[in-house]
file run18.txt (compact mmCIF, C-alpha atoms)
# COMPACT_ATOMS: atom_id res chain seq x y z
CA MET A 1 17.06 6.66 -4.24
CA ALA A 2 19.68 5.41 -1.79
CA SER A 3 18.79 3.16 1.12
CA THR A 4 19.31 4.65 4.57
CA HIS A 5 20.32 2.61 7.62
CA HIS A 6 17.35 1.68 9.84
CA ARG A 7 14.76 3.30 7.55
CA LEU A 8 11.85 1.46 5.94
CA ASP A 9 13.28 0.39 2.59
CA TYR A 10 10.99 -2.24 1.09
CA THR A 11 7.60 -3.63 2.03
CA GLU A 12 6.50 -6.99 0.68
CA PHE A 13 2.86 -8.06 0.72
CA ALA A 14 1.55 -11.61 0.47
CA VAL A 15 -1.28 -11.82 -2.07
CA THR A 16 -3.33 -14.66 -3.47
CA ASP A 17 -4.27 -12.90 -6.73
CA LEU A 18 -1.49 -10.77 -8.22
CA ASP A 19 -3.68 -9.17 -10.90
CA ARG A 20 -6.34 -8.16 -8.37
CA ALA A 21 -3.72 -6.72 -5.98
CA THR A 22 -1.91 -4.66 -8.63
CA ALA A 23 -5.23 -3.39 -10.06
CA PHE A 24 -6.38 -2.27 -6.62
CA TYR A 25 -3.22 -0.30 -5.78
CA ARG A 26 -2.97 1.15 -9.29
CA ASP A 27 -6.60 2.34 -9.13
CA ALA A 28 -6.58 3.50 -5.49
CA PHE A 29 -3.16 5.21 -5.36
CA GLY A 30 -1.72 5.36 -8.89
CA TRP A 31 1.10 2.92 -8.12
CA GLY A 32 3.21 1.40 -10.91
CA PHE A 33 4.62 -2.12 -11.01
CA ASN A 34 7.41 -4.19 -12.51
CA ALA A 35 6.17 -7.65 -13.47
CA TYR A 36 8.53 -10.54 -12.70
CA GLY A 37 6.33 -13.39 -13.87
CA PRO A 38 3.20 -14.93 -12.38
CA GLY A 39 4.47 -14.92 -8.79
CA TYR A 40 5.91 -11.45 -8.13
CA ALA A 41 5.47 -7.76 -8.95
CA GLY A 42 7.74 -4.97 -7.73
CA ILE A 43 6.15 -1.72 -6.53
CA ARG A 44 7.75 1.31 -8.21
CA ALA A 45 8.53 4.40 -6.10
CA ASP A 46 7.51 6.57 -9.08
CA PRO A 47 4.93 4.99 -11.42
CA ALA A 48 6.62 6.66 -14.42
CA GLU A 49 10.07 5.22 -13.60
CA ALA A 50 11.03 1.54 -13.64
CA TYR A 51 13.33 1.87 -10.60
CA PRO A 52 13.77 2.13 -7.69
CA GLU A 53 11.27 -0.23 -6.20
CA VAL A 54 9.96 0.30 -2.67
CA GLY A 55 8.21 -3.03 -2.20
CA GLY A 56 6.56 -5.94 -3.88
CA PHE A 57 3.65 -8.36 -4.07
CA ARG A 58 4.50 -12.05 -3.55
CA VAL A 59 1.93 -14.71 -4.48
CA ASP A 60 1.24 -17.00 -1.53
CA ASP A 61 -1.39 -19.58 -0.60
CA ALA A 62 -3.03 -17.23 1.93
CA VAL A 63 -2.75 -13.77 3.43
CA ALA A 64 -2.20 -14.00 7.18
CA PRO A 65 -3.78 -11.32 9.35
CA GLY A 66 -1.46 -9.04 11.24
CA GLY A 67 2.09 -8.23 10.29
CA PRO A 68 3.50 -4.75 9.96
CA LEU A 69 1.13 -1.82 9.48
CA CYS A 70 2.21 0.10 6.41
CA ILE A 71 1.10 3.73 6.54
CA LEU A 72 0.79 5.84 3.41
CA TYR A 73 0.75 9.65 3.36
CA SER A 74 -1.97 11.63 1.57
CA ASP A 75 -2.34 15.30 0.68
CA ASP A 76 -6.15 14.77 0.63
CA LEU A 77 -7.37 12.13 3.09
CA GLY A 78 -10.99 12.26 1.91
CA ALA A 79 -10.02 11.72 -1.73
CA SER A 80 -7.76 8.82 -0.72
CA GLU A 81 -10.59 7.19 1.24
CA THR A 82 -12.91 7.57 -1.76
CA SER A 83 -10.28 6.01 -4.06
CA VAL A 84 -9.77 3.05 -1.71
CA VAL A 85 -13.50 2.27 -1.64
CA ALA A 86 -13.92 2.82 -5.41
CA ALA A 87 -11.04 0.41 -6.10
CA GLY A 88 -12.64 -2.33 -3.97
CA GLY A 89 -11.09 -1.74 -0.55
CA THR A 90 -12.97 -1.75 2.75
CA ILE A 91 -12.60 0.92 5.42
CA VAL A 92 -11.98 -0.92 8.70
CA GLU A 93 -11.29 2.17 10.83
CA PRO A 94 -12.88 5.43 9.68
CA ALA A 95 -10.78 8.61 9.70
CA TYR A 96 -9.88 9.81 13.18
CA ASP A 97 -7.72 12.51 14.72
CA PHE A 98 -4.35 11.70 16.28
CA PRO A 99 -1.50 13.96 17.40
CA GLY A 100 -0.11 15.27 14.13
CA GLY A 101 -3.08 14.71 11.83
CA ARG A 102 -5.84 12.31 10.79
CA ARG A 103 -5.80 8.78 9.44
CA PHE A 104 -7.96 5.83 8.42
CA HIS A 105 -7.30 2.11 8.08
CA PHE A 106 -8.46 -0.08 5.20
CA ARG A 107 -8.38 -3.71 4.08
CA ASP A 108 -7.33 -4.34 0.49
CA PRO A 109 -9.05 -7.05 -1.59
CA GLU A 110 -6.29 -9.52 -0.58
CA GLY A 111 -6.89 -9.04 3.17
CA ASN A 112 -3.91 -6.78 4.00
CA VAL A 113 -4.68 -3.89 6.39
CA LEU A 114 -2.92 -0.57 5.77
CA ALA A 115 -3.44 3.00 6.93
CA VAL A 116 -3.42 6.39 5.22
CA TRP A 117 -2.63 9.60 7.10
CA SER A 118 -2.62 13.32 6.45
CA ALA A 119 -1.24 16.23 8.44
CA SER A 120 -4.51 18.14 8.07
call {"tool": "encode", "arguments": {"input": "run18.txt", "output": "structure tokens"}}
result
Amino acid sequence: MASTHHRLDYTEFAVTDLDRATAFYRDAFGWGFNAYGPGYAGIRADPAEAYPEVGGFRVDDAVAPGGPLCILYSDDLGASETSVVAAGGTIVEPAYDFPGGRRFHFRDPEGNVLAVWSAS
């Protein structure tokens, strides 16, 4: 996968517990990871392939609120919401309509807030 000028290429999350963060995203969305020691894990674009990576988890002392809102796409918004909750996430904004589809926002166990959207 080639990088494209001015397109989102890599998203890095601060986490305080790398194992908890990778377990949550693996269980909620089926993500795969490349482990680079106790302080970093790369997020694989395709869980079955080692590369390319589209982001990473960096161990830090704390997770600061705010920062960029990363938005994931889903073919089934309800199933994604169920997976988030089952994996230990918290829905902070229930699904709502917006021009172009529906989306919800959630907080992961590390405190990061992300959104998931669907066209239907």
call {"tool": "atom_distance", "arguments": {"input": "run18.txt", "atom1": "CA of Tyr40 (chain A)", "atom2": "CA of Ile91 (chain A)"}}
result
26.1 Å
call {"tool": "atom_distance", "arguments": {"input": "run18.txt", "atom1": "CA of Leu69 (chain A)", "atom2": "CA of Phe57 (chain A)"}}
result
15.3 Å
call {"tool": "residues_near_point", "arguments": {"input": "run18.txt", "point": "(14.0, -7.8, 1.5)", "cutoff": "12 Å", "atoms": "only C-alpha atoms", "output": "NGL selection string"}}
result
:A and (3 or 8-13 or 42 or 53-58)
call {"tool": "closest_residue", "arguments": {"input": "run18.txt", "among": "A:Leu18, A:Ala45, A:Thr82, A:Gly30", "to": "Phe106 (chain A)", "atoms": "only C-alpha atoms"}}
result
A:Thr82
call {"tool": "residues_around", "arguments": {"input": "run18.txt", "residues": "Tyr51 (chain A)", "least_positions_apart": "4", "cutoff": "12 Å", "atoms": "all atoms listed in the file", "output": "ChimeraX atom specification"}}
result
/A:1-2,32-34,42-47,55
call {"tool": "closest_residue", "arguments": {"input": "run18.txt", "among": "A:Gly78, A:Gly67, A:Pro52, A:Gly39", "to": "Gly111 (chain A)", "atoms": "all atoms listed in the file"}}
result
A:Gly67
call {"tool": "residues_near_point", "arguments": {"input": "run18.txt", "point": "(-10.7, 1.9, 7.1)", "cutoff": "6 Å", "atoms": "all atoms listed in the file", "output": "PyMOL selection string"}}
result
chain A and resi 91-94+104-106
call {"tool": "atom_distance", "arguments": {"input": "run18.txt", "atom1": "CA of Asp17 (chain A)", "atom2": "CA of Asp76 (chain A)"}}
result
28.7 Å
call {"tool": "closest_residue", "arguments": {"input": "run18.txt", "among": "A:Pro65, A:Ser118, A:Asp75, A:Trp31", "to": "Ala48 (chain A)", "atoms": "all atoms listed in the file"}}
result
A:Trp31
call {"tool": "axis_aligned_box", "arguments": {"input": "run18.txt", "around": "region 15-25 of chain A", "padding_each_side": "3 Å", "output": "lines of an AutoDock Vina configuration file"}}
result
center_x = -3.8
center_y = -7.5
center_z = -6.5
size_x = 11.1
size_y = 20.4
size_z = 14.8
call {"tool": "closest_residue", "arguments": {"input": "run18.txt", "among": "A:Glu49, A:Val59, A:Ala28, A:Pro38", "to": "Glu110 (chain A)", "atoms": "all atoms listed in the file"}}
result
A:Val59
call {"tool": "decode", "arguments": {"input": "run18.txt", "residues": "chain A", "atoms": "C-alpha atoms", "output": "mmCIF file, in the first residue's frame"}}
result
data_model
loop_
_atom_site.group_PDB
_atom_site.id
_atom_site.type_symbol
_atom_site.label_atom_id
_atom_site.label_comp_id
_atom_site.auth_asym_id
_atom_site.auth_seq_id
_atom_site.Cartn_x
_atom_site.Cartn_y
_atom_site.Cartn_z
ATOM 1 C CA MET A 1 0.000 0.000 0.000
ATOM 2 C CA ALA A 2 1.606 3.253 -1.139
ATOM 3 C CA SER A 3 1.275 6.452 0.849
ATOM 4 C CA THR A 4 -0.635 9.254 -0.847
ATOM 5 C CA HIS A 5 0.136 12.947 -0.354
ATOM 6 C CA HIS A 6 -2.159 14.620 2.211
ATOM 7 C CA ARG A 7 -4.033 11.401 3.053
ATOM 8 C CA LEU A 8 -4.238 9.866 6.519
ATOM 9 C CA ASP A 9 -1.303 7.460 6.548
ATOM 10 C CA TYR A 10 -0.625 6.424 10.139
ATOM 11 C CA THR A 11 -2.422 6.974 13.427
ATOM 12 C CA GLU A 12 -0.551 6.579 16.685
ATOM 13 C CA PHE A 13 -2.363 6.138 19.986
ATOM 14 C CA ALA A 14 -0.938 6.771 23.441
ATOM 15 C CA VAL A 15 -1.747 3.868 25.776
ATOM 16 C CA THR A 16 -0.818 3.047 29.344
ATOM 17 C CA ASP A 17 -1.292 -0.730 29.004
ATOM 18 C CA LEU A 18 -0.152 -2.169 25.669
ATOM 19 C CA ASP A 19 -1.600 -5.643 26.282
ATOM 20 C CA ARG A 20 -5.016 -4.242 27.221
ATOM 21 C CA ALA A 21 -5.064 -1.930 24.170
ATOM 22 C CA THR A 22 -4.094 -4.626 21.659
ATOM 23 C CA ALA A 23 -6.581 -7.101 23.191
ATOM 24 C CA PHE A 24 -9.405 -4.563 22.927
ATOM 25 C CA TYR A 25 -8.810 -3.719 19.247
ATOM 26 C CA ARG A 26 -8.188 -7.363 18.328
ATOM 27 C CA ASP A 27 -11.457 -8.419 20.010
ATOM 28 C CA ALA A 28 -13.571 -5.447 18.877
ATOM 29 C CA PHE A 29 -12.372 -5.110 15.259
ATOM 30 C CA GLY A 30 -10.124 -8.077 14.425
ATOM 31 C CA TRP A 31 -6.984 -5.939 14.126
ATOM 32 C CA GLY A 32 -3.526 -7.537 13.958
ATOM 33 C CA PHE A 33 -0.326 -6.163 15.475
ATOM 34 C CA ASN A 34 3.436 -6.244 15.116
ATOM 35 C CA ALA A 35 5.131 -6.277 18.515
ATOM 36 C CA TYR A 36 8.228 -4.096 18.855
ATOM 37 C CA GLY A 37 8.970 -4.741 22.508
ATOM 38 C CA PRO A 38 7.231 -3.573 25.674
ATOM 39 C CA GLY A 39 6.697 0.008 24.488
ATOM 40 C CA TYR A 40 5.252 -0.196 20.972
ATOM 41 C CA ALA A 41 2.969 -2.243 18.721
ATOM 42 C CA GLY A 42 2.291 -1.522 15.051
ATOM 43 C CA ILE A 43 -1.282 -1.838 13.760
ATOM 44 C CA ARG A 44 -1.436 -4.006 10.622
ATOM 45 C CA ALA A 45 -3.652 -2.898 7.718
ATOM 46 C CA ASP A 46 -4.545 -6.569 7.129
ATOM 47 C CA PRO A 47 -4.401 -8.779 10.243
ATOM 48 C CA ALA A 48 -3.133 -11.700 8.113
ATOM 49 C CA GLU A 49 -0.212 -9.701 6.660
ATOM 50 C CA ALA A 50 2.752 -8.328 8.601
ATOM 51 C CA TYR A 51 2.922 -5.119 6.520
ATOM 52 C CA PRO A 52 1.934 -2.439 5.789
ATOM 53 C CA GLU A 53 1.130 -0.861 9.096
ATOM 54 C CA VAL A 54 -1.460 1.910 9.354
ATOM 55 C CA GLY A 55 -0.749 3.026 12.908
ATOM 56 C CA GLY A 56 0.607 2.065 16.262
ATOM 57 C CA PHE A 57 0.211 2.018 20.029
ATOM 58 C CA ARG A 58 2.892 3.887 22.013
ATOM 59 C CA VAL A 59 3.174 3.325 25.775
ATOM 60 C CA ASP A 60 2.991 6.624 27.649
ATOM 61 C CA ASP A 61 2.453 7.719 31.247
ATOM 62 C CA ALA A 62 -1.100 8.908 30.529
ATOM 63 C CA VAL A 63 -3.654 9.224 27.757
ATOM 64 C CA ALA A 64 -4.588 12.863 27.234
ATOM 65 C CA PRO A 65 -8.178 13.627 26.265
ATOM 66 C CA GLY A 66 -8.756 15.155 22.867
ATOM 67 C CA GLY A 67 -6.490 14.816 19.889
ATOM 68 C CA PRO A 68 -7.580 13.694 16.450
ATOM 69 C CA LEU A 69 -10.828 11.768 16.073
ATOM 70 C CA CYS A 70 -10.111 8.567 14.193
ATOM 71 C CA ILE A 71 -13.171 7.258 12.382
ATOM 72 C CA LEU A 72 -13.491 3.625 11.345
ATOM 73 C CA TYR A 73 -15.878 2.327 8.679
ATOM 74 C CA SER A 74 -18.262 -0.567 9.314
ATOM 75 C CA ASP A 75 -20.462 -2.663 7.041
ATOM 76 C CA ASP A 76 -22.693 -3.395 10.088
ATOM 77 C CA LEU A 77 -22.828 -0.558 12.618
ATOM 78 C CA GLY A 78 -24.907 -2.500 15.152
ATOM 79 C CA ALA A 79 -22.499 -5.441 15.147
ATOM 80 C CA SER A 80 -19.546 -3.069 15.547
ATOM 81 C CA GLU A 81 -21.210 -1.379 18.525
ATOM 82 C CA THR A 82 -21.856 -4.778 20.116
ATOM 83 C CA SER A 83 -18.206 -5.782 19.568
ATOM 84 C CA VAL A 84 -16.928 -2.557 21.127
ATOM 85 C CA VAL A 85 -18.990 -3.077 24.282
ATOM 86 C CA ALA A 86 -18.158 -6.809 24.491
ATOM 87 C CA ALA A 87 -14.435 -6.008 24.237
ATOM 88 C CA GLY A 88 -14.639 -3.529 27.136
ATOM 89 C CA GLY A 89 -15.276 -0.222 25.360
ATOM 90 C CA THR A 90 -17.825 2.389 26.422
ATOM 91 C CA ILE A 91 -20.278 4.047 24.055
ATOM 92 C CA VAL A 92 -19.980 7.804 24.662
ATOM 93 C CA GLU A 93 -22.267 8.912 21.810
ATOM 94 C CA PRO A 94 -24.936 6.435 20.700
ATOM 95 C CA ALA A 95 -25.500 5.893 16.972
ATOM 96 C CA TYR A 96 -26.991 8.895 15.218
ATOM 97 C CA ASP A 97 -27.803 9.921 11.665
ATOM 98 C CA PHE A 98 -25.626 12.378 9.762
ATOM 99 C CA PRO A 99 -25.539 13.318 6.071
ATOM 100 C CA GLY A 100 -24.142 10.197 4.424
ATOM 101 C CA GLY A 101 -24.921 7.600 7.084
ATOM 102 C CA ARG A 102 -24.885 6.802 10.803
ATOM 103 C CA ARG A 103 -22.135 6.717 13.393
ATOM 104 C CA PHE A 104 -21.362 6.255 17.078
ATOM 105 C CA HIS A 105 -18.456 7.307 19.284
ATOM 106 C CA PHE A 106 -16.758 5.107 21.877
ATOM 107 C CA ARG A 107 -14.004 5.274 24.489
ATOM 108 C CA ASP A 108 -11.508 2.419 24.494
ATOM 109 C CA PRO A 109 -10.178 1.008 27.791
ATOM 110 C CA GLU A 110 -7.159 3.362 27.532
ATOM 111 C CA GLY A 111 -9.322 6.513 27.308
ATOM 112 C CA ASN A 112 -9.033 7.212 23.553
ATOM 113 C CA VAL A 113 -12.281 8.295 21.846
ATOM 114 C CA LEU A 114 -12.918 7.040 18.311
ATOM 115 C CA ALA A 115 -15.954 6.829 16.048
ATOM 116 C CA VAL A 116 -17.386 4.157 13.757
ATOM 117 C CA TRP A 117 -19.588 5.021 10.776
ATOM 118 C CA SER A 118 -21.654 3.215 8.181
ATOM 119 C CA ALA A 119 -23.306 4.408 4.994
ATOM 120 C CA SER A 120 -26.566 2.705 5.950
#
